[in-house]
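Reproduced below: work33.cif, with mmCIF, C-alpha atoms.
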data_query
#
loop_
_atom_site.label_atom_id
_atom_site.label_comp_id
_atom_site.auth_asym_id
_atom_site.auth_seq_id
_atom_site.Cartn_x
_atom_site.Cartn_y
_atom_site.Cartn_z
CA MET L 26 -32.28 52.63 23.53
CA ARG L 27 -33.46 49.77 25.73
CA TYR L 28 -30.90 50.34 28.44
CA SER L 29 -30.45 54.08 28.20
CA PHE L 30 -32.25 54.61 31.50
CA VAL L 31 -29.39 52.99 33.40
CA MET L 32 -26.70 54.16 31.02
CA ASN L 33 -25.09 56.87 33.07
CA LEU L 34 -21.46 57.14 34.02
CA GLU L 35 -21.97 57.24 37.79
CA GLN L 36 -23.95 54.00 37.79
CA PHE L 37 -21.32 52.39 35.55
CA ILE L 38 -18.52 53.40 37.91
CA GLU L 39 -20.50 51.95 40.82
CA ASN L 40 -21.03 48.66 38.96
CA PHE L 41 -17.35 48.59 38.07
CA ALA L 42 -16.17 49.35 41.61
CA ASP L 43 -18.45 46.60 42.99
CA LEU L 44 -16.29 44.01 41.24
CA PHE L 45 -13.35 44.75 43.50
CA ASP L 46 -12.95 43.16 46.94
CA GLU L 47 -9.99 45.00 48.37
CA THR L 48 -10.05 48.32 46.55
CA ASP L 49 -11.92 51.19 48.23
CA PRO L 50 -14.77 52.10 45.84
CA ASP L 51 -14.27 55.78 46.65
CA THR L 52 -10.86 55.64 44.99
CA ILE L 53 -12.42 54.63 41.66
CA ASN L 54 -13.69 57.38 39.39
CA ALA L 55 -14.10 58.11 35.68
CA THR L 56 -10.43 58.87 35.13
CA THR L 57 -9.03 55.94 37.13
CA GLN L 58 -6.41 54.05 35.13
CA PHE L 59 -7.93 50.73 36.12
CA LYS L 60 -5.05 48.54 34.95
CA ASP L 61 -2.80 50.31 37.46
CA LEU L 62 -5.02 49.25 40.39
CA GLU L 63 -3.20 46.73 42.53
CA GLU L 64 -6.18 44.38 42.51
CA TRP L 65 -6.56 44.43 38.71
CA SER L 66 -5.99 41.00 37.13
CA SER L 67 -6.99 38.96 34.11
CA LEU L 68 -9.71 37.35 36.25
CA LEU L 69 -11.11 40.76 37.15
CA ALA L 70 -11.23 41.50 33.44
CA LEU L 71 -13.59 38.52 33.11
CA SER L 72 -15.77 39.99 35.87
CA VAL L 73 -15.93 43.26 33.92
CA ILE L 74 -17.06 41.38 30.78
CA ALA L 75 -19.66 39.47 32.83
CA MET L 76 -20.93 42.67 34.50
CA ILE L 77 -21.28 44.44 31.13
CA ASP L 78 -23.17 41.44 29.73
CA GLU L 79 -25.50 41.26 32.73
CA GLU L 80 -26.16 44.93 33.36
CA TYR L 81 -26.07 46.29 29.80
CA ASP L 82 -26.54 43.22 27.56
CA VAL L 83 -23.46 44.28 25.57
CA GLU L 84 -20.79 41.92 24.20
CA PHE L 85 -17.38 43.09 25.36
CA ARG L 86 -14.24 41.66 23.79
CA GLY L 87 -10.67 41.28 24.94
CA ASP L 88 -9.57 44.09 22.60
CA ASP L 89 -12.11 46.45 24.18
CA ILE L 90 -10.42 45.95 27.56
CA ARG L 91 -6.93 46.03 26.07
CA GLY L 92 -7.72 49.28 24.21
CA SER L 93 -9.15 51.05 27.26
CA ASN L 94 -7.19 52.90 29.93
CA THR L 95 -9.76 54.61 32.12
CA VAL L 96 -13.14 53.55 33.50
CA GLU L 97 -14.72 56.20 31.27
CA ASP L 98 -13.12 54.55 28.21
CA LEU L 99 -14.96 51.33 29.11
CA TYR L 100 -18.17 53.27 29.69
CA ASN L 101 -17.93 54.98 26.30
CA ILE L 102 -17.61 51.64 24.47
CA VAL L 103 -20.62 50.21 26.32
CA LYS L 104 -22.61 53.38 25.69
CA SER L 105 -21.83 53.30 21.96
CA ARG L 106 -23.21 49.75 21.81
CA VAL L 107 -26.44 50.20 23.72
CA GLU L 108 -27.46 53.21 21.69
CA MET I 16 -28.32 26.49 13.08
CA ALA I 17 -27.99 22.75 12.81
CA LYS I 18 -30.78 21.16 14.82
CA VAL I 19 -30.94 17.38 14.71
CA SER I 20 -33.18 14.92 16.54
CA PHE I 21 -32.92 11.18 17.11
CA HIS I 22 -35.27 8.58 18.47
CA GLY I 23 -34.54 4.98 19.46
CA VAL I 24 -30.81 5.47 20.01
CA GLY I 25 -29.11 6.45 23.24
CA ILE I 26 -26.19 6.10 25.62
CA LYS I 27 -26.09 2.58 27.08
CA ALA I 28 -22.95 2.98 29.20
CA LEU I 29 -20.21 5.48 29.97
CA SER I 30 -16.80 5.30 31.65
CA ALA I 31 -13.70 7.44 32.20
CA CYS I 32 -10.03 7.05 33.07
CA VAL I 33 -7.62 9.70 34.37
CA PRO I 34 -3.84 9.58 34.92
CA GLY I 35 -2.81 8.64 38.45
CA ASP I 36 -0.42 11.60 38.82
CA VAL I 37 -2.00 14.56 40.63
CA VAL I 38 -0.76 18.13 40.14
CA TYR I 39 -1.89 20.73 42.71
CA ASN I 40 -2.56 24.34 41.71
CA ARG I 41 -1.45 25.49 45.18
CA ASP I 42 2.07 24.55 43.99
CA LEU I 43 2.03 27.11 41.16
CA GLY I 44 4.15 29.59 43.13
CA TYR I 45 6.74 29.65 40.34
CA LEU I 46 4.11 31.05 37.96
CA ILE I 47 1.68 33.10 40.05
CA PRO I 48 2.54 35.23 43.11
CA GLN I 49 1.82 33.14 46.22
CA GLU I 50 -0.66 35.69 47.60
CA GLU I 51 -2.77 35.48 44.40
CA ILE I 52 -2.88 31.69 44.17
CA ASP I 53 -5.82 31.20 46.54
CA LYS I 54 -7.83 33.78 44.64
CA VAL I 55 -7.06 32.13 41.30
CA ILE I 56 -8.01 28.68 42.65
CA ASP I 57 -11.21 30.12 44.10
CA ASN I 58 -12.11 31.80 40.81
CA ILE I 59 -11.36 29.01 38.37
CA GLY I 60 -12.42 26.38 40.91
CA ILE I 61 -9.52 24.06 40.13
CA GLU I 62 -7.58 22.67 43.09
CA GLN I 63 -5.92 19.76 41.36
CA ARG I 64 -5.56 18.13 37.97
CA ARG I 65 -4.40 14.79 36.55
CA ILE I 66 -1.43 14.92 34.22
CA ALA I 67 -0.37 12.05 31.96
CA SER I 68 3.26 10.98 32.03
CA SER I 69 5.23 11.43 28.80
CA ASP I 70 4.63 7.86 27.66
CA VAL I 71 0.84 7.93 28.20
CA THR I 72 -1.45 9.36 25.51
CA ALA I 73 -5.14 10.23 25.27
CA SER I 74 -5.70 6.95 23.43
CA ASP I 75 -4.16 4.99 26.34
CA LEU I 76 -6.61 6.64 28.75
CA CYS I 77 -9.49 5.94 26.35
CA PHE I 78 -8.33 2.35 25.89
CA LYS I 79 -8.51 1.70 29.61
CA ALA I 80 -11.91 3.41 29.89
CA ALA I 81 -13.21 1.34 26.95
CA GLN I 82 -11.86 -1.92 28.36
CA LYS I 83 -13.56 -1.21 31.68
CA LEU I 84 -16.83 -0.33 29.95
CA MET I 85 -16.79 -3.49 27.83
CA ASP I 86 -15.75 -5.80 30.69
CA ASP I 87 -18.28 -4.47 33.19
CA ASN I 88 -21.16 -4.58 30.71
CA ASN I 89 -20.22 -7.87 29.01
CA ILE I 90 -19.91 -6.16 25.65
CA ASP I 91 -18.65 -8.53 22.96
CA PRO I 92 -16.00 -6.62 20.93
CA ALA I 93 -17.48 -8.20 17.81
CA SER I 94 -20.75 -6.35 18.47
CA ILE I 95 -19.15 -2.91 17.93
CA ASP I 96 -19.86 -1.63 14.42
CA VAL I 97 -18.33 1.85 14.60
CA LEU I 98 -15.43 3.28 16.62
CA LEU I 99 -15.00 7.06 16.80
CA PHE I 100 -11.99 8.72 18.44
CA MET I 101 -12.52 12.39 19.30
CA SER I 102 -9.31 14.20 20.24
CA GLN I 103 -6.89 16.97 19.31
CA THR I 104 -4.00 15.13 20.98
CA GLN I 105 -4.02 12.03 18.81
CA ASP I 106 -1.14 9.50 18.86
CA TYR I 107 0.15 10.29 15.36
CA ARG I 108 -0.58 12.68 12.53
CA ILE I 109 -0.95 9.54 10.39
CA PRO I 110 -2.65 7.08 10.83
CA ALA I 111 -5.89 7.92 12.60
CA THR I 112 -5.77 6.81 16.25
CA SER I 113 -9.19 5.12 15.94
CA CYS I 114 -7.55 2.52 13.66
CA ILE I 115 -4.92 1.76 16.30
CA LEU I 116 -7.64 1.48 18.97
CA GLN I 117 -9.71 -0.90 16.79
CA HIS I 118 -6.83 -3.37 16.79
CA ARG I 119 -5.87 -2.82 20.41
CA LEU I 120 -9.43 -3.33 21.67
CA GLY I 121 -9.81 -6.49 19.59
CA LEU I 122 -12.67 -5.09 17.51
CA PRO I 123 -13.41 -6.88 14.23
CA LYS I 124 -11.85 -5.74 10.97
CA THR I 125 -15.37 -4.90 9.81
CA THR I 126 -15.40 -1.94 12.24
CA LEU I 127 -15.91 1.50 10.70
CA CYS I 128 -13.29 3.79 12.32
CA PHE I 129 -12.35 7.43 12.04
CA ASP I 130 -11.09 10.32 14.14
CA ILE I 131 -12.92 13.55 14.86
CA SER I 132 -11.01 16.73 15.67
CA LEU I 133 -12.59 19.60 17.58
CA GLY I 134 -11.85 21.57 20.72
CA CYS I 135 -13.81 21.67 23.98
CA SER I 136 -17.14 21.42 22.12
CA GLY I 137 -16.06 18.13 20.51
CA TYR I 138 -18.00 15.65 22.64
CA LEU I 139 -21.39 16.92 21.51
CA PHE I 140 -20.44 16.96 17.84
CA ALA I 141 -18.92 13.47 18.10
CA LEU I 142 -21.93 12.23 20.08
CA SER I 143 -24.30 13.50 17.39
CA THR I 144 -22.17 11.59 14.84
CA ALA I 145 -22.39 8.46 17.01
CA PHE I 146 -26.18 8.87 17.24
CA ALA I 147 -26.42 9.37 13.48
CA TYR I 148 -24.48 6.17 12.76
CA ALA I 149 -26.42 4.21 15.37
CA SER I 150 -29.64 5.32 13.65
CA ILE I 151 -28.57 3.77 10.34
CA GLU I 152 -29.87 0.37 9.38
CA GLY I 153 -27.12 -2.25 9.75
CA ILE I 154 -25.38 -0.45 12.60
CA ASN I 155 -26.30 -1.38 16.15
CA ARG I 156 -23.45 -0.18 18.37
CA VAL I 157 -21.07 2.80 18.24
CA LEU I 158 -18.19 3.20 20.64
CA LEU I 159 -17.19 6.84 21.07
CA LEU I 160 -13.81 7.41 22.71
CA ASP I 161 -13.16 11.03 23.69
CA GLY I 162 -9.79 11.78 25.29
CA GLU I 163 -7.41 14.70 25.63
CA THR I 164 -3.96 15.27 27.06
CA PHE I 165 -3.65 19.05 26.86
CA SER I 166 -0.73 18.83 29.29
CA LYS I 167 1.32 17.86 26.23
CA ILE I 168 0.40 21.02 24.30
CA VAL I 169 0.32 23.65 27.07
CA ASN I 170 3.47 25.41 28.24
CA ARG I 171 4.02 25.12 31.99
CA ARG I 172 4.92 28.81 32.09
CA ASP I 173 1.68 29.92 30.42
CA LYS I 174 -0.30 31.64 33.20
CA VAL I 175 -3.59 31.56 31.26
CA ASP I 176 -3.63 27.91 30.23
CA TRP I 177 -1.45 25.87 32.55
CA PRO I 178 -3.57 26.27 35.73
CA LEU I 179 -6.66 25.15 33.78
CA TYR I 180 -6.00 22.00 31.84
CA GLY I 181 -6.02 18.36 32.94
CA ASP I 182 -5.93 15.05 31.06
CA ALA I 183 -8.63 12.38 30.73
CA GLY I 184 -9.97 9.63 28.50
CA THR I 185 -13.61 8.53 28.26
CA ALA I 186 -15.73 5.89 26.57
CA THR I 187 -19.40 6.22 25.60
CA LEU I 188 -21.38 3.31 24.21
CA VAL I 189 -24.22 4.39 21.93
CA GLU I 190 -26.72 1.84 20.64
CA LYS I 191 -30.18 1.24 19.28
CA GLY I 192 -32.78 0.54 21.94
CA ASP I 193 -35.74 1.71 23.94
CA PHE I 194 -34.61 5.34 24.13
CA GLY I 195 -36.67 8.53 23.93
CA ASP I 196 -35.89 11.69 21.95
CA SER I 197 -32.53 13.40 21.76
CA THR I 198 -32.23 16.85 20.22
CA PHE I 199 -28.91 18.50 19.39
CA ILE I 200 -28.26 22.13 18.50
CA LEU I 201 -24.79 22.58 16.99
CA ASN I 202 -23.20 25.89 15.94
CA THR I 203 -19.97 27.24 14.48
CA ASP I 204 -18.38 30.68 14.04
CA GLY I 205 -15.02 30.43 12.29
CA SER I 206 -14.55 34.21 12.45
CA GLY I 207 -13.30 33.46 15.98
CA GLU I 208 -10.52 31.11 14.80
CA ASP I 209 -7.82 33.11 16.61
CA ALA I 210 -9.37 32.90 20.09
CA ILE I 211 -7.85 29.46 20.79
CA LYS I 212 -5.11 28.34 18.46
CA ILE I 213 -1.90 26.39 17.92
CA HIS I 214 -0.01 28.42 15.33
CA ALA I 215 2.17 25.72 13.76
CA GLY I 216 0.62 23.33 11.25
CA MET I 217 0.29 23.20 7.49
CA ARG I 218 -0.56 26.92 7.24
CA HIS I 219 2.58 27.82 9.19
CA PRO I 220 4.95 24.91 8.57
CA ILE I 221 6.97 23.59 11.50
CA THR I 222 10.62 24.68 11.47
CA PRO I 223 13.29 24.42 14.17
CA LYS I 224 12.21 27.95 15.20
CA SER I 225 8.66 26.72 15.94
CA CYS I 226 10.03 24.69 18.85
CA VAL I 227 11.78 27.60 20.53
CA GLU I 228 10.02 28.89 23.66
CA ARG I 229 9.69 32.66 23.79
CA GLU I 230 7.69 35.36 25.48
CA GLN I 231 4.61 36.01 23.36
CA GLU I 232 2.58 39.21 22.89
CA ASP I 233 0.33 38.30 25.80
CA GLY I 234 3.33 38.03 28.12
CA ASN I 235 3.18 34.24 28.39
CA ILE I 236 5.95 31.82 27.50
CA ARG I 237 5.09 29.44 24.69
CA ASN I 238 6.42 27.90 21.48
CA ASP I 239 4.46 27.67 18.22
CA LEU I 240 3.44 24.06 18.88
CA GLU I 241 1.68 24.98 22.11
CA VAL I 242 -1.85 26.24 22.57
CA PHE I 243 -2.73 29.93 22.90
CA MET I 244 -6.01 31.17 24.35
CA ASP I 245 -7.38 34.70 24.56
CA GLY I 246 -9.17 34.23 27.87
CA MET I 247 -11.23 37.40 27.59
CA ASP I 248 -12.49 36.69 24.07
CA VAL I 249 -13.35 33.09 24.96
CA PHE I 250 -15.17 34.24 28.07
CA ASN I 251 -17.15 36.83 26.10
CA PHE I 252 -17.98 34.20 23.46
CA ALA I 253 -19.10 31.63 26.02
CA ILE I 254 -21.30 33.89 28.15
CA SER I 255 -23.00 35.37 25.10
CA LYS I 256 -23.61 32.06 23.28
CA VAL I 257 -23.95 29.21 25.78
CA PRO I 258 -26.91 30.29 27.94
CA ARG I 259 -28.74 31.40 24.77
CA CYS I 260 -28.09 28.03 23.13
CA VAL I 261 -29.45 26.14 26.16
CA LYS I 262 -32.53 28.40 26.21
CA GLU I 263 -33.07 27.75 22.52
CA LEU I 264 -32.83 24.00 23.14
CA LEU I 265 -35.43 24.27 25.91
CA SER I 266 -37.64 26.26 23.61
CA VAL I 267 -37.46 23.87 20.62
CA THR I 268 -38.07 20.86 22.88
CA GLY I 269 -40.91 22.61 24.73
CA LYS I 270 -39.25 22.16 28.12
CA THR I 271 -38.28 24.41 31.01
CA VAL I 272 -35.27 24.25 33.31
CA ASP I 273 -37.52 22.53 35.86
CA ASP I 274 -37.95 19.57 33.49
CA VAL I 275 -34.20 19.00 33.38
CA ASP I 276 -32.76 16.53 35.90
CA TYR I 277 -29.10 17.28 35.16
CA LEU I 278 -27.37 20.00 33.17
CA VAL I 279 -23.78 19.01 32.41
CA PHE I 280 -21.54 21.81 31.15
CA HIS I 281 -18.13 21.54 29.60
CA GLN I 282 -15.94 22.17 32.66
CA ALA I 283 -14.20 25.32 31.41
CA ASN I 284 -13.79 27.11 34.71
CA ARG I 285 -15.95 27.50 37.79
CA PHE I 286 -16.53 31.24 37.44
CA MET I 287 -17.93 30.78 33.94
CA MET I 288 -20.17 27.84 34.87
CA ASP I 289 -21.54 29.70 37.89
CA PHE I 290 -22.36 32.56 35.54
CA PHE I 291 -24.30 30.20 33.23
CA VAL I 292 -26.21 28.71 36.15
CA LYS I 293 -27.19 32.17 37.34
CA LYS I 294 -28.19 33.30 33.87
CA LEU I 295 -30.33 30.22 33.26
CA LYS I 296 -31.83 30.44 36.79
CA MET I 297 -30.88 26.80 37.19
CA ASN I 298 -30.88 24.97 40.51
CA HIS I 299 -27.21 24.41 41.45
CA ASP I 300 -27.97 20.86 42.65
CA LYS I 301 -28.78 19.86 39.08
CA VAL I 302 -25.43 21.04 37.71
CA PRO I 303 -22.64 18.56 38.49
CA TYR I 304 -19.06 19.80 38.70
CA CYS I 305 -15.81 17.84 38.72
CA ILE I 306 -13.54 20.72 37.74
CA HIS I 307 -12.10 20.99 41.28
CA LYS I 308 -10.64 17.48 40.94
CA TYR I 309 -9.73 17.24 37.28
CA GLY I 310 -9.53 20.77 35.81
CA ASN I 311 -10.60 21.53 32.25
CA THR I 312 -10.11 18.32 30.27
CA SER I 313 -11.30 19.88 26.99
CA SER I 314 -13.83 17.76 25.08
CA SER I 315 -13.55 14.89 27.61
CA SER I 316 -14.95 17.03 30.39
CA ILE I 317 -18.66 16.33 29.83
CA PRO I 318 -18.40 12.50 29.94
CA LEU I 319 -15.78 12.78 32.71
CA THR I 320 -18.21 14.85 34.79
CA ILE I 321 -20.93 12.24 34.28
CA ALA I 322 -18.55 9.40 35.29
CA SER I 323 -17.28 11.40 38.27
CA GLU I 324 -20.55 12.75 39.65
CA LEU I 325 -23.44 10.66 38.34
CA PRO I 326 -22.68 6.92 38.80
CA GLY I 327 -25.96 5.19 39.69
CA LYS I 328 -27.88 8.43 39.20
CA LEU I 329 -28.80 7.75 35.58
CA ASP I 330 -30.54 4.44 36.29
CA GLY I 331 -34.18 4.69 35.23
CA ASP I 332 -35.37 7.64 33.11
CA HIS I 333 -33.85 11.11 33.23
CA THR I 334 -33.85 14.28 31.16
CA VAL I 335 -30.27 15.41 30.74
CA VAL I 336 -28.90 18.49 28.97
CA MET I 337 -25.22 18.73 28.01
CA SER I 338 -23.56 21.84 26.67
CA GLY I 339 -20.06 22.29 25.24
CA PHE I 340 -18.18 25.18 23.67
CA GLY I 341 -14.65 25.97 22.59
CA ALA I 342 -12.08 26.49 19.85
CA GLY I 343 -13.39 27.07 16.37
CA LEU I 344 -15.37 28.80 17.64
CA SER I 345 -17.81 25.96 18.11
CA TRP I 346 -20.67 25.39 20.56
CA GLY I 347 -23.76 23.33 21.09
CA ALA I 348 -26.15 21.60 23.43
CA VAL I 349 -28.16 18.39 23.53
CA MET I 350 -31.26 17.38 25.43
CA MET I 351 -31.53 13.66 25.93
CA GLN I 352 -34.13 11.37 27.46
CA MET I 353 -31.71 8.96 29.11
CA HIS I 354 -32.78 5.44 29.99
CA ASP I 355 -30.86 3.10 32.31
CA CYS I 356 -27.44 4.50 31.44
CA LYS I 357 -24.75 2.50 33.23
CA VAL I 358 -22.27 5.05 34.50
CA LEU I 359 -19.01 3.55 35.76
CA PRO I 360 -16.95 5.47 38.32
CA VAL I 361 -13.72 7.10 37.12
CA VAL I 362 -10.67 4.78 37.21
CA ASP I 363 -7.00 5.77 37.54
CA TYR I 364 -4.59 4.83 34.78
#
Let's see the structure in the file written out as structure tokens.
Amino acid sequence: MRYSFVMNLEQFIENFADLFDETDPDTINATTQFKDLEEWSSLLALSVIAMIDEEYDVEFRGDDIRGSNTVEDLYNIVKSRVE
Amino acid sequence: MAKVSFHGVGIKALSACVPGDVVYNRDLGYLIPQEEIDKVIDNIGIEQRRIASSDVTASDLCFKAAQKLMDDNNIDPASIDVLLFMSQTQDYRIPATSCILQHRLGLPKTTLCFDISLGCSGYLFALSTAFAYASIEGINRVLLLDGETFSKIVNRRDKVDWPLYGDAGTATLVEKGDFGDSTFILNTDGSGEDAIKIHAGMRHPITPKSCVEREQEDGNIRNDLEVFMDGMDVFNFAISKVPRCVKELLSVTGKTVDDVDYLVFHQANRFMMDFFVKKLKMNHDKVPYCIHKYGNTSSSSIPLTIASELPGKLDGDHTVVMSGFGAGLSWGAVMMQMHDCKVLPVVDY
């Protein structure tokens, strides 16, 4: 439960949206299909893994990204590992 | 955890050789949309790489590096007791390339030679082997040649791998002498065998079909004799293991990052190394990079970085940490009290 105090969806979406340079953060929400975003790339996937390591101390694998469609899907995996 | 320490052996001299042909990542328009190229270069930090021509192998690059090292330091070939060749792009499947290099370098027939095969972590594992031999009574000098030509095993239409890899050969002379402590931490996790792999081998015998290029599951073009890498899994592996391994090394040696003069990482990609530096709260000035010039040269990248960025800077006494990680999965770090290490600038083949 170490990180439960920051483990809320809104904060996660904000952390996620911060990784993008050209995408308006207001267009990213829990149901955003992130792989459809024009700026999404394999390098951005690495930024997501780095952000999850830094902010939540959770190991995130390639299959976790491949198996997720929405931002909330990512959040749910992280949440299941911090608890 | 394998933790090993040595005293009274160290690196006397180090050199490197790269192919003369330069390939520029800005010319990758056939592979990556032009508007994304700058971003990719910025992220991975690789502007250009050196690529060996089809008739030049890793052992040729190592040969030239070794010749330079021996000439410039007046090393009598007869004084070399052990020759190690660390590579995954060896000349032949049989015999071991180290045997060919023994003859070519004019080393005596009494030389103990063998090859070591590991991915990007290989230099540290091979260096620990060199230190172990140099610590044995009856052995005074070990010549470690670490070279890779990944350009020969990466498909030019593989978007993940082709922009990253470059070729290089290096030579490291290890010997007994007035050296302080060196401590290695070396780790392995074979459950990650699929993260970086060439499919064809003895497990999956080579057939005419193995040589046929085709679009793979990850959308990249490759045949079964070419290397595959799951970039996301490797990234996750590296960021979770490497900073922790360096911290552990600092802890077992009773040092802090401030005690370290240089921290040399395997040059995987710039984004990853910057992440390590941030995580370790390391001063950027102490972390040399040569990835912008040479790309990721697999296990050669640590000695290549030293030859590229530290000539003259390892005279006198210095505390140096090196950390490598890669296929296997395999990772490690060493802290070394270096003493008057003669670093020769990189030469072109």
Show me the residues around (1.3, 7.6, 30.6) - criterion: an atom at most 10 Å away, only C-alpha atoms counted - as a PDB file with C-alpha atoms, in the coordinates of the input.
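Output file result-v1.pdb follows:
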ATOM      1  CA  VAL I  33      -7.620   9.700  34.370  1.00  0.00           C
ATOM      2  CA  PRO I  34      -3.840   9.580  34.920  1.00  0.00           C
ATOM      3  CA  GLY I  35      -2.810   8.640  38.450  1.00  0.00           C
ATOM      4  CA  ASP I  36      -0.420  11.600  38.820  1.00  0.00           C
ATOM      5  CA  ILE I  66      -1.430  14.920  34.220  1.00  0.00           C
ATOM      6  CA  ALA I  67      -0.370  12.050  31.960  1.00  0.00           C
ATOM      7  CA  SER I  68       3.260  10.980  32.030  1.00  0.00           C
ATOM      8  CA  SER I  69       5.230  11.430  28.800  1.00  0.00           C
ATOM      9  CA  ASP I  70       4.630   7.860  27.660  1.00  0.00           C
ATOM     10  CA  VAL I  71       0.840   7.930  28.200  1.00  0.00           C
ATOM     11  CA  THR I  72      -1.450   9.360  25.510  1.00  0.00           C
ATOM     12  CA  ALA I  73      -5.140  10.230  25.270  1.00  0.00           C
ATOM     13  CA  ASP I  75      -4.160   4.990  26.340  1.00  0.00           C
ATOM     14  CA  LEU I  76      -6.610   6.640  28.750  1.00  0.00           C
ATOM     15  CA  THR I 164      -3.960  15.270  27.060  1.00  0.00           C
ATOM     16  CA  TYR I 364      -4.590   4.830  34.780  1.00  0.00           C
TER      17      TYR I 364
END
Notebook entry, point to check: Expanded to explicit residues, what is the PyMOL selection byres ((chain L and resi 84) around 8) for this file, as number ranges by chain?
Noted result: L: 74, 77-78, 82-83, 85-86; I: 251, 255
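Within 10 Å of Asp193 (chain I), once only C-alpha atoms are used and residues closer than 3 positions along the same chain are dropped, the contacting residues are His22, Gly23, Val24, Gly25, Glu190, Met353, His354 and Asp355 of chain I.
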Up to 8 Å from chain L, what residues of chain I turn up? Count all atoms listed in the file and give them as a PDB file with C-alpha atoms, in the frame of the given file.
ATOM      1  CA  VAL I  55      -7.060  32.130  41.300  1.00  0.00           C
ATOM      2  CA  ASN I  58     -12.110  31.800  40.810  1.00  0.00           C
ATOM      3  CA  ASP I 245      -7.380  34.700  24.560  1.00  0.00           C
ATOM      4  CA  GLY I 246      -9.170  34.230  27.870  1.00  0.00           C
ATOM      5  CA  MET I 247     -11.230  37.400  27.590  1.00  0.00           C
ATOM      6  CA  ASP I 248     -12.490  36.690  24.070  1.00  0.00           C
ATOM      7  CA  PHE I 250     -15.170  34.240  28.070  1.00  0.00           C
ATOM      8  CA  ASN I 251     -17.150  36.830  26.100  1.00  0.00           C
ATOM      9  CA  ILE I 254     -21.300  33.890  28.150  1.00  0.00           C
ATOM     10  CA  SER I 255     -23.000  35.370  25.100  1.00  0.00           C
ATOM     11  CA  PHE I 290     -22.360  32.560  35.540  1.00  0.00           C
TER      12      PHE I 290
END
Notebook entry, point to check: Which residues fall under the PyMOL selection byres ((chain I and resi 296) around 12) in this file, as number ranges by chain?
Noted result: I: 258, 261-262, 271-273, 278, 289-295, 297-302
Check: Leaving out Glu230 (chain I) and any residue of its chain fewer than 2 positions from it, which residues lie within 12 Å of it when counting all atoms listed in the file, given as a PyMOL selection string?
Finding: chain I and resi 170+172-174+227-228+232-239
Suppose we keep C-alpha atoms; can you now write the selection as a JSON list (two decimals), in the frame of the given file?
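Below is the file that was written, selection_6.json:
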[["chain", "number", "residue", "atom", "x", "y", "z"],
["I", 170, "ASN", "CA", 3.47, 25.41, 28.24],
["I", 172, "ARG", "CA", 4.92, 28.81, 32.09],
["I", 173, "ASP", "CA", 1.68, 29.92, 30.42],
["I", 174, "LYS", "CA", -0.30, 31.64, 33.20],
["I", 227, "VAL", "CA", 11.78, 27.60, 20.53],
["I", 228, "GLU", "CA", 10.02, 28.89, 23.66],
["I", 232, "GLU", "CA", 2.58, 39.21, 22.89],
["I", 233, "ASP", "CA", 0.33, 38.30, 25.80],
["I", 234, "GLY", "CA", 3.33, 38.03, 28.12],
["I", 235, "ASN", "CA", 3.18, 34.24, 28.39],
["I", 236, "ILE", "CA", 5.95, 31.82, 27.50],
["I", 237, "ARG", "CA", 5.09, 29.44, 24.69],
["I", 238, "ASN", "CA", 6.42, 27.90, 21.48],
["I", 239, "ASP", "CA", 4.46, 27.67, 18.22]]
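Evaluated against this file, the PyMOL selection byres ((chain I and resi 47) around 12) yields Ser66 of chain L; Asn40, Arg41, Asp42, Leu43, Gly44, Tyr45, Leu46, Pro48, Gln49, Glu50, Glu51, Ile52, Asp53, Lys54, Val55, Ile56, Arg171, Arg172, Asp173, Lys174, Val175, Trp177, Pro178 and Asn235 of chain I.
Every residue within 10 Å of the file position (-16.9, -6.2, 22.7), judged by only C-alpha atoms, is given as Ala81, Gln82, Leu84, Met85, Asp86, Asn88, Asn89, Ile90, Asp91, Pro92, Ala93, Ser94, Ile95, Asp96, Leu120, Gly121, Leu122, Pro123, Arg156 and Leu158 of chain I.
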Checklist line | Computed interatomic separation between CA of Ile200 (chain I) and CA of Ser316 (chain I) (Å) | finding: 18.6 Å
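CA of Leu201 (chain I) sits 24.2 Å away from CA of Ala31 (chain I).
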Checklist line | Contact residues around Ile154 (chain I) with all atoms listed in the file at 8 Å, ignoring same-chain residues under 5 positions, as a PyMOL selection string | finding: chain I and resi 96-97+148-149
Saved selection, atoms kept: C-alpha atoms, as a PDB file, in the coordinates of the input:
ATOM      1  CA  ASP I  96     -19.860  -1.630  14.420  1.00  0.00           C
ATOM      2  CA  VAL I  97     -18.330   1.850  14.600  1.00  0.00           C
ATOM      3  CA  TYR I 148     -24.480   6.170  12.760  1.00  0.00           C
ATOM      4  CA  ALA I 149     -26.420   4.210  15.370  1.00  0.00           C
TER       5      ALA I 149
END
